[in-house]
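Encoded as structure tokens, the structure appears first; notes follow it.
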Amino acid sequence: MGNKFLEGNFAPVSREHTITELSVTGHIPEYLDGRYLRNGPNPLSEVDPATYHWFMGDGMVHGVRLRDGRAEWYRNRWVRNPRLSREIGERWEGGSVSGVASMGANTNVIGHAGKTLALIEGGASSFELTDELDTLGACDFDGTLPGGYTAHPKRDPETGELHAVSYFFGWGNKVQYSVIDAEGRARRKVDVEVAGSPMMHDFSLTEKHVVFYDLPVTFEAEQAVSASVPSFLRVPAQLVISALVGKVKVPDPFGARLRRRISGNAGLPYRWNPEYPARIGVMPREGGNGDVRWFEIEPCYVFHPMNAYDDGDDIVLDVVRHPKMFATELLGPAEGPPTLDRWTIDLTVGKVVEERLDDQGQEFPRVDERLVGRRHRFGYSVSTKDGSASSGALLKHDLWNRSVRSKRFGDGAQVGEFVFVPSSVDAGEDEGVLMGFVYDPATQKSDLTILDAETLETVGAVHLPDRVPNGFHGNWVGTEG
């Protein structure tokens with residue numbers, strides 16, 4: 001049985017590189033002083049194509065160091081955990097690991113409080129890396145937030161704090177909102193009740209509010225039990241888990257066994273649930289569970305909001321909307337073209353107005369990080385037909401003029417998420433560059449491509465010695481970050 005998430009540029013690479021001699025076409029702007037980092041799945045050992053889910057592969061972080069107009073190095077490293085270290089033949093020296101310890105941190109990579117963090121969600125452990133991308137150990141924010149975190153924290157541009165919403169099936173019908181201060185410690189944790197046990201991949205943040213996406217992709221007990229429980233216990237275990245998940249915290253021994261046995265390079269225990277309500281929750285930033293207001297929307301799924309902001313008594317959410325997720329395609333996103341939509345929550349009337357901004361298939365939306373939670377004009381996304389493989393173009397949205405421009409990269413090119421880097425601290429919203437990995441099937445290699453954010457013209461390209469497989473998220477981590 002074939003699995004497209006193991007083929008072409010989804011296929012894993014087999015080597016870790018440390019390359020200090022990199023050729024460049026064009027030029028690298030002198031103001032770029034830092035690392036471009038990107039995370040994604042890259043199974044270390046052979047996997048079963050019939051069950052392997054793209055989201056479950058071992059994590060591999062890729063990085064390029066830029067300084068003084070030069071590309072100093074390219075490195076790629078598997079994110080170690082105890083299981084993966086054993087498979088590589090290394091001794092694990094990263095200390096104890098809580099949460100789902102065998103999953104690889106494969107979804108995002110950020111810099112915060114002087115640390116480099118490889119992130120994942122769903123109760124799995126995130127990990128701290130060195131500046132050169134070697135794994136140090138599990139990340140628990142100096143013991144203030146043990147267990148799992150999220151792949152999508154959002155940094156408040158004024159305070160430097162990380163805001164996040166985390167989920168884990170073992171918490172029952174709760175998700176957790178947390179705030180990590182600029183020094184890297186949790187200062188606030190709030191449990192919020194939801195309708196069951198959803199896969200809450202991302203959330204939105206405004207200057208005044210936290211927005212929760214409680215949508216109909218939920219934990220599937222049958223899949224989890226079949227992967228982690230002996231056959232003679234599967235029926236009673238499934239009945240127990242099905243009865244408990246989304247209602248109360250899952251007790252031991254089932255919860256403990258599931259945490260130990262849910263592994264990377266396997267199936268994803270979440271499915272489309274047509275019986276689950278689709279709704280948005282709004283909570284004041286300093287509020288609690290009792291302050292959340294819920295608003296119903298049409299059934300759909302959102303992996304990634306582009307941005308959100310307050311507009312008087314309204315909250316404006318720009319999101320990439322999937323019509324369904326994991327209903328018929330169970331190995332990765334492929335349930336119809338995802339579109340860019342705007343949802344406006346009228347807090348006075350108590351309703352949501354849904355409108356389409358762009359019906360082209362697209363994913364991986366980003367904005368200028370200095371405007372997270374603030375009114376934005378420009379947004380960037382990657383064209384795609386199904387939410388996974390790129391269609392070879394980067395899209396630039398002007399949300400004020402409701403216009404879209406595209407930058408195509410050639411026949412068969414695979415375009416990853418692009419991030420915006422301003423040319424200075426006080427530069428305008430599109431004064432700077434966009435950067436991301438672009439795979440060329442003709443050469444079987446990838447470039448770190450740098451574009452002028454205003455014109456989308458190519459500024460430069462750092463040529464890598466290998467390809468960077470299609471992956472998920474990354475960030476520019478400047479030397480000051």
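Just so we're on the same page: first chain in the structure tokens is A, next is B, and so on; residues restart at 1 for each chain, and ligands are numbered from 1 in the order they show up.
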Which residues are close to segment 304-306 of chain A, i.e. within 10 Å by only C-alpha atoms, leaving aside same-chain residues fewer than 4 positions away? Reply as a PDB file with C-alpha atoms, in the first residue's frame.
```
ATOM      1  CA  HIS A 152       1.836  27.041  18.476  1.00  0.00           C
ATOM      2  CA  HIS A 201      -3.806  22.513  17.233  1.00  0.00           C
ATOM      3  CA  ASP A 202      -3.729  26.299  17.477  1.00  0.00           C
ATOM      4  CA  PHE A 203      -5.545  29.282  19.001  1.00  0.00           C
ATOM      5  CA  SER A 204      -5.735  33.037  18.495  1.00  0.00           C
ATOM      6  CA  LEU A 205      -4.589  35.915  20.641  1.00  0.00           C
ATOM      7  CA  TYR A 213     -11.104  26.605  18.448  1.00  0.00           C
ATOM      8  CA  LEU A 317     -10.137  36.177  13.006  1.00  0.00           C
ATOM      9  CA  ASP A 318      -8.368  35.392   9.732  1.00  0.00           C
ATOM     10  CA  VAL A 319      -8.063  31.608   9.506  1.00  0.00           C
ATOM     11  CA  VAL A 320      -7.274  28.836   7.041  1.00  0.00           C
ATOM     12  CA  ARG A 321     -10.474  26.771   6.992  1.00  0.00           C
ATOM     13  CA  HIS A 322     -10.610  23.073   6.059  1.00  0.00           C
ATOM     14  CA  LEU A 340      -8.570  31.762   3.733  1.00  0.00           C
ATOM     15  CA  ASP A 341     -11.650  32.928   5.627  1.00  0.00           C
ATOM     16  CA  ARG A 342     -12.506  35.799   7.963  1.00  0.00           C
ATOM     17  CA  GLU A 363      -1.941  26.643   4.275  1.00  0.00           C
ATOM     18  CA  PHE A 364       0.833  27.728   6.652  1.00  0.00           C
ATOM     19  CA  PRO A 365      -0.335  31.356   7.063  1.00  0.00           C
ATOM     20  CA  ARG A 366       2.008  33.893   8.660  1.00  0.00           C
ATOM     21  CA  VAL A 367       2.117  37.607   9.431  1.00  0.00           C
ATOM     22  CA  VAL A 372       0.504  39.248  16.485  1.00  0.00           C
ATOM     23  CA  HIS A 376      -2.494  43.503  10.183  1.00  0.00           C
ATOM     24  CA  PHE A 378      -0.364  41.693   4.977  1.00  0.00           C
ATOM     25  CA  GLY A 379      -0.365  37.929   5.364  1.00  0.00           C
ATOM     26  CA  TYR A 380       1.577  35.162   3.636  1.00  0.00           C
ATOM     27  CA  SER A 381       0.604  31.566   2.889  1.00  0.00           C
TER      28      SER A 381
END
```
Spatial neighbours of Leu44 of chain A, max dist 12 Å, only C-alpha atoms, sep filter under 5 positions, as an MDAnalysis selection string | chainID A and resid 11:16 56:60 77:80 83:89 104 264:265
Might you pull out every residue within 8 Å of Gly281 of chain A, with only C-alpha atoms counted and same-chain residues fewer than 2 positions away left off, and present them as a VMD selection string?
-> chain A and resid 211 to 214 279 283 292 to 295
If we count only C-alpha atoms, what is near Thr455 of chain A at a cut-off of 10 Å, once residues fewer than 2 positions away on the same chain are taken out, given as a PyMOL selection string?
-> chain A and resi 396+405+407+430-431+433+451-453+457-458
Work out how far atom CA of Pro338 of chain A is from atom CA of Leu394 of chain A, in Å to one decimal.
->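 Value for the atom CA of Leu394 of chain A-atom CA of Pro338 of chain A distance: 14.8 Å.
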Selection near Asp440 of chain A, 12 Å with only C-alpha atoms, sequence-local residues under 3 positions removed, as a ChimeraX atom specification | /A:8-9,392,409-416,437,443-449,463-464,466-470
